[in-house]
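target.cif follows; it contains mmCIF, C-alpha atoms and all ligand atoms.
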data_model
loop_
_atom_site.group_PDB
_atom_site.id
_atom_site.type_symbol
_atom_site.label_atom_id
_atom_site.label_comp_id
_atom_site.auth_asym_id
_atom_site.auth_seq_id
_atom_site.Cartn_x
_atom_site.Cartn_y
_atom_site.Cartn_z
ATOM 1 C CA ILE K 30 11.306 101.129 4.721
ATOM 2 C CA LEU K 31 10.887 101.958 1.051
ATOM 3 C CA PRO K 32 9.862 105.523 0.281
ATOM 4 C CA ILE K 33 7.321 104.165 -2.164
ATOM 5 C CA HIS K 34 3.905 105.654 -2.786
ATOM 6 C CA GLU K 35 5.211 109.212 -2.346
ATOM 7 C CA THR K 36 3.069 111.872 -3.985
ATOM 8 C CA ILE K 37 4.660 113.077 -7.183
ATOM 9 C CA GLU K 38 5.869 116.610 -6.479
ATOM 10 C CA GLY K 39 3.676 119.201 -8.133
ATOM 11 C CA ALA K 40 1.096 116.733 -9.376
ATOM 12 C CA THR K 41 -2.491 117.604 -8.457
ATOM 13 C CA PRO K 42 -4.574 114.938 -10.141
ATOM 14 C CA ALA K 43 -8.327 115.355 -10.202
ATOM 15 C CA VAL K 44 -10.080 113.152 -7.698
ATOM 16 C CA ASP K 45 -13.008 111.102 -8.941
ATOM 17 C CA PRO K 46 -16.230 113.084 -8.328
ATOM 18 C CA MET K 47 -17.943 109.973 -6.969
ATOM 19 C CA PRO K 48 -18.202 109.997 -3.182
ATOM 20 C CA ALA K 49 -16.137 107.512 -1.205
ATOM 21 C CA GLY K 50 -17.576 104.168 -0.180
ATOM 22 C CA LYS K 51 -18.513 103.326 3.374
ATOM 23 C CA PRO K 52 -15.677 101.602 5.261
ATOM 24 C CA ILE K 53 -16.556 98.124 6.568
ATOM 25 C CA VAL K 54 -14.563 98.767 9.749
ATOM 26 C CA THR K 55 -14.079 102.066 11.524
ATOM 27 C CA ASP K 56 -11.915 101.303 14.572
ATOM 28 C CA MET K 57 -8.702 100.501 12.703
ATOM 29 C CA PHE K 58 -7.079 101.267 9.366
ATOM 30 C CA THR K 59 -7.332 98.447 6.815
ATOM 31 C CA ALA K 60 -6.029 98.057 3.265
ATOM 32 C CA ASP K 61 -5.586 95.757 0.278
ATOM 33 C CA PRO K 62 -8.849 93.789 0.584
ATOM 34 C CA ALA K 63 -9.108 90.249 -0.761
ATOM 35 C CA PRO K 64 -12.648 88.806 -0.817
ATOM 36 C CA LEU K 65 -13.563 85.137 -0.524
ATOM 37 C CA ALA K 66 -17.131 83.787 -0.613
ATOM 38 C CA HIS K 67 -17.362 80.448 1.167
ATOM 39 C CA ASP K 68 -20.308 78.482 2.552
ATOM 40 C CA GLY K 69 -22.707 81.444 2.628
ATOM 41 C CA THR K 70 -20.222 83.787 4.290
ATOM 42 C CA LEU K 71 -18.230 86.561 2.690
ATOM 43 C CA TYR K 72 -14.737 86.925 4.121
ATOM 44 C CA ILE K 73 -12.727 90.045 3.360
ATOM 45 C CA TYR K 74 -9.072 89.581 4.252
ATOM 46 C CA THR K 75 -7.180 92.827 4.752
ATOM 47 C CA GLY K 76 -3.854 94.324 5.583
ATOM 48 C CA HIS K 77 -3.529 96.610 8.594
ATOM 49 C CA ASP K 78 -2.117 100.152 8.436
ATOM 50 C CA ILE K 79 -0.540 101.241 11.727
ATOM 51 C CA GLN K 80 1.506 104.222 10.531
ATOM 52 C CA ASN K 81 1.203 107.522 12.430
ATOM 53 C CA GLU K 82 -0.067 110.682 10.745
ATOM 54 C CA THR K 83 3.329 112.154 9.931
ATOM 55 C CA GLU K 84 5.647 109.423 8.620
ATOM 56 C CA ARG K 85 5.578 108.888 4.877
ATOM 57 C CA SER K 86 5.865 105.130 4.477
ATOM 58 C CA PHE K 87 3.721 102.085 5.050
ATOM 59 C CA LYS K 88 3.846 100.462 8.464
ATOM 60 C CA MET K 89 2.109 97.087 8.264
ATOM 61 C CA HIS K 90 2.717 93.987 10.340
ATOM 62 C CA ASP K 91 -0.307 91.686 10.205
ATOM 63 C CA TRP K 92 -3.488 90.689 8.411
ATOM 64 C CA TYR K 93 -7.132 90.418 9.519
ATOM 65 C CA ALA K 94 -10.376 89.007 8.176
ATOM 66 C CA PHE K 95 -13.849 90.521 8.342
ATOM 67 C CA SER K 96 -16.831 88.246 7.797
ATOM 68 C CA THR K 97 -20.466 88.846 6.999
ATOM 69 C CA THR K 98 -23.466 86.847 5.873
ATOM 70 C CA ASP K 99 -25.633 89.790 4.814
ATOM 71 C CA LEU K 100 -23.282 92.755 4.283
ATOM 72 C CA GLY K 101 -25.151 94.517 7.090
ATOM 73 C CA SER K 102 -22.327 94.208 9.580
ATOM 74 C CA PHE K 103 -18.866 92.691 9.576
ATOM 75 C CA GLU K 104 -17.272 90.623 12.337
ATOM 76 C CA LYS K 105 -13.582 91.237 12.962
ATOM 77 C CA HIS K 106 -11.197 88.257 13.196
ATOM 78 C CA GLY K 107 -7.594 88.610 14.036
ATOM 79 C CA PRO K 108 -4.914 89.329 13.517
ATOM 80 C CA LEU K 109 -5.012 85.907 11.879
ATOM 81 C CA LEU K 110 -1.554 86.068 10.335
ATOM 82 C CA SER K 111 1.496 88.251 10.830
ATOM 83 C CA ALA K 112 4.980 88.802 9.433
ATOM 84 C CA ASP K 113 6.296 86.940 12.517
ATOM 85 C CA ASP K 114 4.619 83.749 11.251
ATOM 86 C CA PHE K 115 7.176 83.597 8.413
ATOM 87 C CA ALA K 116 10.640 82.889 9.842
ATOM 88 C CA TRP K 117 12.282 84.025 6.575
ATOM 89 C CA ALA K 118 10.632 87.465 6.588
ATOM 90 C CA SER K 119 11.682 90.687 8.266
ATOM 91 C CA GLY K 120 8.323 92.506 8.130
ATOM 92 C CA ASP K 121 6.266 94.756 5.846
ATOM 93 C CA ALA K 122 3.043 92.779 5.582
ATOM 94 C CA PHE K 123 1.849 94.186 2.265
ATOM 95 C CA ALA K 124 -1.027 92.980 0.088
ATOM 96 C CA ALA K 125 -2.236 89.379 0.314
ATOM 97 C CA HIS K 126 -4.880 87.059 -1.114
ATOM 98 C CA VAL K 127 -6.724 84.023 0.260
ATOM 99 C CA THR K 128 -8.148 81.266 -1.900
ATOM 100 C CA GLU K 129 -9.696 77.878 -1.178
ATOM 101 C CA ARG K 130 -8.958 74.550 -2.816
ATOM 102 C CA ASP K 131 -10.171 71.101 -1.778
ATOM 103 C CA GLY K 132 -11.077 72.274 1.719
ATOM 104 C CA LYS K 133 -7.770 74.015 2.397
ATOM 105 C CA PHE K 134 -7.295 77.766 2.552
ATOM 106 C CA TYR K 135 -4.124 79.331 1.131
ATOM 107 C CA TRP K 136 -3.066 82.826 2.173
ATOM 108 C CA TYR K 137 -0.552 84.267 -0.311
ATOM 109 C CA VAL K 138 1.302 87.227 1.179
ATOM 110 C CA SER K 139 3.812 89.954 0.294
ATOM 111 C CA LEU K 140 6.626 90.382 2.827
ATOM 112 C CA ARG K 141 10.132 91.737 2.948
ATOM 113 C CA HIS K 142 12.707 88.911 2.886
ATOM 114 C CA LYS K 143 15.386 88.829 5.604
ATOM 115 C CA ASP K 144 18.221 87.634 3.363
ATOM 116 C CA ILE K 145 17.354 87.683 -0.324
ATOM 117 C CA ARG K 146 17.737 91.261 -1.525
ATOM 118 C CA ARG K 147 19.092 91.688 -4.996
ATOM 119 C CA ARG K 148 16.525 94.409 -5.750
ATOM 120 C CA GLU K 149 13.762 95.668 -3.422
ATOM 121 C CA GLY K 150 13.859 92.547 -1.257
ATOM 122 C CA PHE K 151 10.163 91.725 -1.243
ATOM 123 C CA ALA K 152 9.002 88.144 -1.561
ATOM 124 C CA ILE K 153 5.772 86.181 -1.813
ATOM 125 C CA GLY K 154 4.999 83.453 0.688
ATOM 126 C CA VAL K 155 2.028 81.225 1.423
ATOM 127 C CA ALA K 156 0.338 80.067 4.607
ATOM 128 C CA VAL K 157 -2.241 77.281 4.798
ATOM 129 C CA ALA K 158 -5.156 76.387 7.074
ATOM 130 C CA ASP K 159 -8.074 73.954 7.264
ATOM 131 C CA SER K 160 -10.622 76.714 7.821
ATOM 132 C CA PRO K 161 -11.091 80.234 6.423
ATOM 133 C CA LEU K 162 -10.238 81.711 9.839
ATOM 134 C CA GLY K 163 -7.211 79.552 10.489
ATOM 135 C CA PRO K 164 -5.059 78.797 12.287
ATOM 136 C CA PHE K 165 -2.752 79.608 9.370
ATOM 137 C CA LYS K 166 0.862 78.320 9.236
ATOM 138 C CA ASP K 167 3.670 79.043 6.792
ATOM 139 C CA ALA K 168 3.210 76.232 4.249
ATOM 140 C CA LEU K 169 6.819 76.080 3.079
ATOM 141 C CA GLY K 170 9.243 77.546 5.608
ATOM 142 C CA HIS K 171 10.640 79.596 2.738
ATOM 143 C CA ALA K 172 9.300 82.049 0.180
ATOM 144 C CA LEU K 173 7.565 80.986 -3.028
ATOM 145 C CA ILE K 174 8.795 83.953 -5.116
ATOM 146 C CA THR K 175 11.867 86.062 -4.336
ATOM 147 C CA ASP K 176 14.232 88.442 -6.113
ATOM 148 C CA ASP K 177 16.133 85.285 -7.129
ATOM 149 C CA THR K 178 13.189 83.738 -9.008
ATOM 150 C CA PRO K 179 13.970 83.954 -12.735
ATOM 151 C CA ASN K 180 11.873 86.678 -14.418
ATOM 152 C CA SER K 181 10.499 87.984 -11.118
ATOM 153 C CA VAL K 182 10.047 91.753 -10.811
ATOM 154 C CA VAL K 183 11.801 94.574 -8.977
ATOM 155 C CA LEU K 184 9.065 94.757 -6.335
ATOM 156 C CA ASN K 185 7.617 91.273 -5.770
ATOM 157 C CA ILE K 186 4.307 92.123 -4.068
ATOM 158 C CA ASP K 187 0.543 91.800 -4.524
ATOM 159 C CA PRO K 188 -0.082 88.080 -5.119
ATOM 160 C CA ALA K 189 -3.482 86.979 -6.434
ATOM 161 C CA VAL K 190 -4.338 83.355 -7.130
ATOM 162 C CA PHE K 191 -7.070 82.093 -9.407
ATOM 163 C CA VAL K 192 -8.135 78.433 -9.651
ATOM 164 C CA ASP K 193 -9.782 77.734 -12.999
ATOM 165 C CA ASP K 194 -12.674 75.342 -13.598
ATOM 166 C CA ASP K 195 -10.253 72.680 -14.839
ATOM 167 C CA GLY K 196 -8.314 72.874 -11.549
ATOM 168 C CA GLN K 197 -5.302 74.769 -12.915
ATOM 169 C CA ALA K 198 -4.149 77.463 -10.487
ATOM 170 C CA TYR K 199 -2.528 80.714 -11.619
ATOM 171 C CA LEU K 200 -0.477 83.055 -9.433
ATOM 172 C CA TYR K 201 -0.437 86.671 -10.611
ATOM 173 C CA TRP K 202 1.613 89.397 -8.921
ATOM 174 C CA GLY K 203 3.619 92.525 -9.587
ATOM 175 C CA SER K 204 4.112 96.224 -9.034
ATOM 176 C CA TRP K 205 5.741 99.281 -10.552
ATOM 177 C CA ASP K 206 4.423 98.516 -14.068
ATOM 178 C CA GLU K 207 5.594 94.895 -14.087
ATOM 179 C CA ALA K 208 3.017 92.092 -13.988
ATOM 180 C CA ARG K 209 3.875 88.413 -13.826
ATOM 181 C CA MET K 210 2.037 85.077 -13.870
ATOM 182 C CA VAL K 211 3.100 81.533 -13.104
ATOM 183 C CA LEU K 212 1.161 78.281 -12.953
ATOM 184 C CA LEU K 213 0.956 76.517 -9.601
ATOM 185 C CA LYS K 214 1.021 72.773 -9.030
ATOM 186 C CA ASP K 215 -2.115 71.142 -7.613
ATOM 187 C CA ASN K 216 -0.571 71.390 -4.128
ATOM 188 C CA MET K 217 -0.848 75.219 -4.491
ATOM 189 C CA VAL K 218 2.568 75.807 -2.943
ATOM 190 C CA GLU K 219 4.964 74.973 -5.785
ATOM 191 C CA LEU K 220 5.526 76.635 -9.147
ATOM 192 C CA ALA K 221 4.598 74.572 -12.206
ATOM 193 C CA GLY K 222 6.615 76.222 -14.934
ATOM 194 C CA GLU K 223 8.403 79.413 -15.823
ATOM 195 C CA VAL K 224 7.358 82.875 -14.756
ATOM 196 C CA GLN K 225 5.622 84.650 -17.631
ATOM 197 C CA THR K 226 5.423 88.363 -18.345
ATOM 198 C CA VAL K 227 1.860 89.727 -18.415
ATOM 199 C CA ASP K 228 1.003 92.456 -20.872
ATOM 200 C CA ALA K 229 -1.945 94.556 -19.658
ATOM 201 C CA LYS K 230 -2.287 98.206 -20.677
ATOM 202 C CA ASN K 231 -1.531 100.712 -17.880
ATOM 203 C CA PHE K 232 -0.835 97.904 -15.374
ATOM 204 C CA PHE K 233 0.786 99.296 -12.242
ATOM 205 C CA GLU K 234 0.129 96.845 -9.360
ATOM 206 C CA ALA K 235 -2.523 94.825 -7.494
ATOM 207 C CA PRO K 236 -3.574 92.286 -10.150
ATOM 208 C CA PHE K 237 -6.771 90.365 -9.371
ATOM 209 C CA LEU K 238 -8.385 87.699 -11.547
ATOM 210 C CA HIS K 239 -12.037 86.654 -11.630
ATOM 211 C CA LYS K 240 -14.256 84.843 -14.114
ATOM 212 C CA ARG K 241 -17.844 85.612 -15.090
ATOM 213 C CA GLY K 242 -19.476 83.382 -17.683
ATOM 214 C CA ASP K 243 -16.777 82.517 -20.183
ATOM 215 C CA THR K 244 -14.836 85.747 -19.661
ATOM 216 C CA TYR K 245 -11.741 86.178 -17.506
ATOM 217 C CA TYR K 246 -11.252 89.637 -16.013
ATOM 218 C CA LEU K 247 -7.889 90.964 -14.879
ATOM 219 C CA THR K 248 -8.435 94.048 -12.736
ATOM 220 C CA TYR K 249 -5.519 96.076 -11.422
ATOM 221 C CA ALA K 250 -4.323 99.390 -10.070
ATOM 222 C CA GLY K 251 -3.341 101.304 -13.179
ATOM 223 C CA SER K 252 -1.446 104.339 -14.310
ATOM 224 C CA GLY K 253 1.049 104.770 -11.434
ATOM 225 C CA TYR K 254 0.470 106.694 -8.197
ATOM 226 C CA PRO K 255 -2.175 107.825 -7.580
ATOM 227 C CA SER K 256 -3.820 104.794 -9.122
ATOM 228 C CA LYS K 257 -7.147 104.127 -10.780
ATOM 229 C CA THR K 258 -8.656 100.655 -11.046
ATOM 230 C CA GLU K 259 -8.496 99.472 -14.639
ATOM 231 C CA TYR K 260 -9.200 96.128 -16.271
ATOM 232 C CA ALA K 261 -8.648 93.824 -19.197
ATOM 233 C CA THR K 262 -10.445 90.706 -20.439
ATOM 234 C CA SER K 263 -9.469 87.435 -22.024
ATOM 235 C CA ASP K 264 -10.931 84.072 -22.955
ATOM 236 C CA SER K 265 -8.186 82.397 -20.933
ATOM 237 C CA ALA K 266 -6.804 82.836 -17.416
ATOM 238 C CA ALA K 267 -3.374 83.054 -19.023
ATOM 239 C CA GLY K 268 -4.319 85.939 -21.350
ATOM 240 C CA PRO K 269 -3.642 87.592 -23.780
ATOM 241 C CA TRP K 270 -5.437 90.588 -22.260
ATOM 242 C CA THR K 271 -7.608 93.156 -24.045
ATOM 243 C CA TYR K 272 -7.892 96.498 -22.272
ATOM 244 C CA GLY K 273 -11.379 97.366 -20.947
ATOM 245 C CA GLY K 274 -10.992 100.808 -19.329
ATOM 246 C CA VAL K 275 -11.185 102.456 -15.895
ATOM 247 C CA ILE K 276 -13.738 101.133 -13.406
ATOM 248 C CA ASN K 277 -12.829 103.172 -10.303
ATOM 249 C CA GLY K 278 -11.260 106.627 -10.446
ATOM 250 C CA LEU K 279 -8.778 108.343 -8.163
ATOM 251 C CA MET K 280 -9.668 108.014 -4.504
ATOM 252 C CA PRO K 281 -9.753 111.028 -2.220
ATOM 253 C CA LYS K 282 -6.540 111.157 -0.117
ATOM 254 C CA SER K 283 -5.384 107.663 -1.160
ATOM 255 C CA GLU K 284 -2.662 107.125 -3.717
ATOM 256 C CA THR K 285 -3.228 103.367 -3.886
ATOM 257 C CA ASN K 286 -6.403 101.768 -5.145
ATOM 258 C CA HIS K 287 -6.176 98.052 -4.393
ATOM 259 C CA GLN K 288 -9.282 96.069 -5.403
ATOM 260 C CA GLY K 289 -10.831 92.639 -5.323
ATOM 261 C CA ILE K 290 -14.016 91.325 -6.943
ATOM 262 C CA VAL K 291 -16.358 88.599 -5.704
ATOM 263 C CA GLU K 292 -19.770 87.085 -6.420
ATOM 264 C CA PHE K 293 -21.805 86.625 -3.259
ATOM 265 C CA LYS K 294 -25.416 85.484 -3.009
ATOM 266 C CA GLY K 295 -26.145 86.318 -6.645
ATOM 267 C CA LYS K 296 -24.578 89.775 -6.781
ATOM 268 C CA TRP K 297 -21.107 90.982 -7.713
ATOM 269 C CA TYR K 298 -19.118 93.202 -5.370
ATOM 270 C CA PHE K 299 -16.089 95.464 -5.681
ATOM 271 C CA VAL K 300 -13.914 95.762 -2.571
ATOM 272 C CA TYR K 301 -11.224 98.425 -2.388
ATOM 273 C CA HIS K 302 -9.695 100.883 0.015
ATOM 274 C CA ASN K 303 -9.844 104.628 0.390
ATOM 275 C CA SER K 304 -8.580 106.972 3.113
ATOM 276 C CA GLN K 305 -11.856 108.400 4.276
ATOM 277 C CA LEU K 306 -11.854 107.568 7.994
ATOM 278 C CA PRO K 307 -10.982 110.477 10.301
ATOM 279 C CA GLY K 308 -7.189 110.675 10.454
ATOM 280 C CA GLY K 309 -6.925 108.654 7.253
ATOM 281 C CA GLY K 310 -4.342 109.214 4.570
ATOM 282 C CA VAL K 311 -2.011 107.571 2.094
ATOM 283 C CA TYR K 312 -0.639 105.246 4.797
ATOM 284 C CA ARG K 313 -3.872 105.006 6.850
ATOM 285 C CA ARG K 314 -6.507 103.453 4.614
ATOM 286 C CA SER K 315 -9.985 101.927 4.995
ATOM 287 C CA VAL K 316 -11.548 98.990 3.179
ATOM 288 C CA CYS K 317 -14.922 99.543 1.504
ATOM 289 C CA ILE K 318 -17.369 97.464 -0.530
ATOM 290 C CA ASP K 319 -19.804 98.445 -3.262
ATOM 291 C CA GLU K 320 -21.851 96.576 -5.841
ATOM 292 C CA LEU K 321 -20.300 95.881 -9.212
ATOM 293 C CA HIS K 322 -22.361 95.844 -12.401
ATOM 294 C CA TYR K 323 -21.690 94.598 -15.910
ATOM 295 C CA GLY K 324 -22.983 95.966 -19.196
ATOM 296 C CA PRO K 325 -24.781 93.959 -21.891
ATOM 297 C CA ASN K 326 -21.520 92.926 -23.542
ATOM 298 C CA GLY K 327 -19.892 91.798 -20.304
ATOM 299 C CA GLU K 328 -18.040 95.062 -19.815
ATOM 300 C CA ILE K 329 -17.507 96.187 -16.207
ATOM 301 C CA LEU K 330 -19.428 99.384 -15.550
ATOM 302 C CA PRO K 331 -17.744 102.169 -13.550
ATOM 303 C CA VAL K 332 -18.240 101.570 -9.827
ATOM 304 C CA GLN K 333 -20.891 103.790 -8.237
ATOM 305 C CA ARG K 334 -19.432 104.299 -4.782
ATOM 306 C CA THR K 335 -21.926 104.691 -1.942
ATOM 307 C CA SER K 336 -21.639 107.789 0.199
ATOM 308 C CA ASN K 337 -20.491 107.844 3.798
HETATM 309 O O1 LIG J 1 -0.391 98.087 1.241
HETATM 310 C C1 LIG J 1 0.906 98.128 0.733
HETATM 311 C C2 LIG J 1 0.895 98.220 -0.766
HETATM 312 O O2 LIG J 1 0.151 99.371 -1.175
HETATM 313 C C3 LIG J 1 0.210 97.088 -1.470
HETATM 314 O O3 LIG J 1 0.992 95.940 -1.561
HETATM 315 C C4 LIG J 1 -0.133 97.723 -2.779
HETATM 316 O O4 LIG J 1 -1.077 97.021 -3.535
HETATM 317 C C5 LIG J 1 -0.647 99.072 -2.319
HETATM 318 O O5 LIG J 1 -1.991 99.023 -1.927
#

Mind converting the file's structure to structure tokens?
Amino acid sequence: ILPIHETIEGATPAVDPMPAGKPIVTDMFTADPAPLAHDGTLYIYTGHDIQNETERSFKMHDWYAFSTTDLGSFEKHGPLLSADDFAWASGDAFAAHVTERDGKFYWYVSLRHKDIRRREGFAIGVAVADSPLGPFKDALGHALITDDTPNSVVLNIDPAVFVDDDGQAYLYWGSWDEARMVLLKDNMVELAGEVQTVDAKNFFEAPFLHKRGDTYYLTYAGSGYPSKTEYATSDSAAGPWTYGGVINGLMPKSETNHQGIVEFKGKWYFVYHNSQLPGGGVYRRSVCIDELHYGPNGEILPVQRTSN
């Protein structure tokens, strides 16, 4: 297992003075939320931290979904997908993202590849289903992005897919300061062109794209570990990106700060993880949700996290 996300020796960064948000689930550790609003229901797909309190690495094997119609309570579903569902993968079910197109649901995942390891050995795969809660099946039988994909990155994790109004789909991903984007074919499971380098100030990992009005927003974990959530805007889903600032500061006890943004029933929401559950920590995180607000010029206002 990679020794990634280690605390930098001697560094004592100031934690954001805002209180932590309220976790949507309290009987398990969840991470890397990916929201999807569909048919009046909000689904939050998450990873699942199962590491003990002493080891210093991620231990993650499967993914869940949590659904709500009113944000009052969340229903747990799963695990709906696991590393075992991808014959080409050896484990490490890192961040993922679900999107819908033409009645099919595509779950893009980060996993460690069994065989292809020129660098860190992570790859991006995709599973497909006819409903938001599955059953999901590996759509390809092989990975979509690996260390062998030209212009891929050292650590190929954190996929996020955005389907634009004209039907063009974009796959963003990346970590360790390297962001990438590639167009997808209409079938959502094949690349439609060359992998492009994305230039977004302070980008570290966890890219996520959303559109509000005519503006495209690329949010991401920025500035290394521990990460803040930062963002950039563009008038195109392909960029170029203009830096917008920090929208969520350092999280107590969590070095990662993986976010997603969704509009649901007329309001915008910011989903993210912290480590605020009892026994929580860098490798034992909890997914939270708070409202997201925009300023008069379309700028994202800093997230006001609700207290526990
Ligand atoms: O959960 C494992 C990794 O930590 C994710 O892929 C990153 O985004 C970070 O949250």

With stretch 150-174 of chain K as the partner and 8 Å as the cut-off, tabulate the residues of stretch 218-329 of chain K that qualify, each row holding the nearest pair of atoms and their distance in Å to one decimal, using all atoms listed in the file, sorted by chain and rising number, as a Markdown table.
| residue | atom | partner | partner_atom | distance |
| --- | --- | --- | --- | --- |
| K:Val218 | CA | K:Val155 | CA | 7.0 |
| K:Glu219 | CA | K:Leu173 | CA | 7.1 |
| K:Leu220 | CA | K:Leu173 | CA | 7.8 |

Let me have all residues with an atom within 7 Å of ligand LIG 1 (chain J), counting only C-alpha atoms and all ligand atoms, laid out as a PyMOL selection string. chain K and resi 60-61+76+87+123-124+139+186-187+234-235+285-287

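With all atoms listed in the file as the atoms that count, the residue of K:Arg241, K:Tyr301, K:Lys133, K:Arg146 with the shortest distance to K:Ser119 is K:Arg146.
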
So which residues get picked by the PyMOL selection byres (((chain K and resi 233) around 7) and not hetatm) here, written as a PyMOL selection string? chain K and resi 204-207+231-232+234+250-253

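For the pair atom CA of K:Glu320 and atom CA of K:Gly242, the interatomic distance is 17.9 Å.
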
When distances are computed from only C-alpha atoms, which of K:Leu71, K:Ala116, K:Phe58, K:Lys51 shows the smallest separation from K:Arg314? K:Phe58

Could you tell me which residues the PyMOL selection byres (((chain K and resi 303) around 10) and not hetatm) returns for this structure, as number ranges by chain? K: 49-52, 58-61, 279-287, 301-302, 304-306, 309-311, 313-317

Running the PyMOL selection byres (((chain K and resi 81) around 10) and not hetatm) on this model by hand, what would come out? Give it as number ranges by chain. K: 78-80, 82-88, 308-310, 312-313

What is the distance, in Å and to one decimal place, between atom CA of K:Lys230 and atom CA of K:Lys257?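 Between atom CA of K:Lys230 and atom CA of K:Lys257 the gap works out to 12.5 Å.
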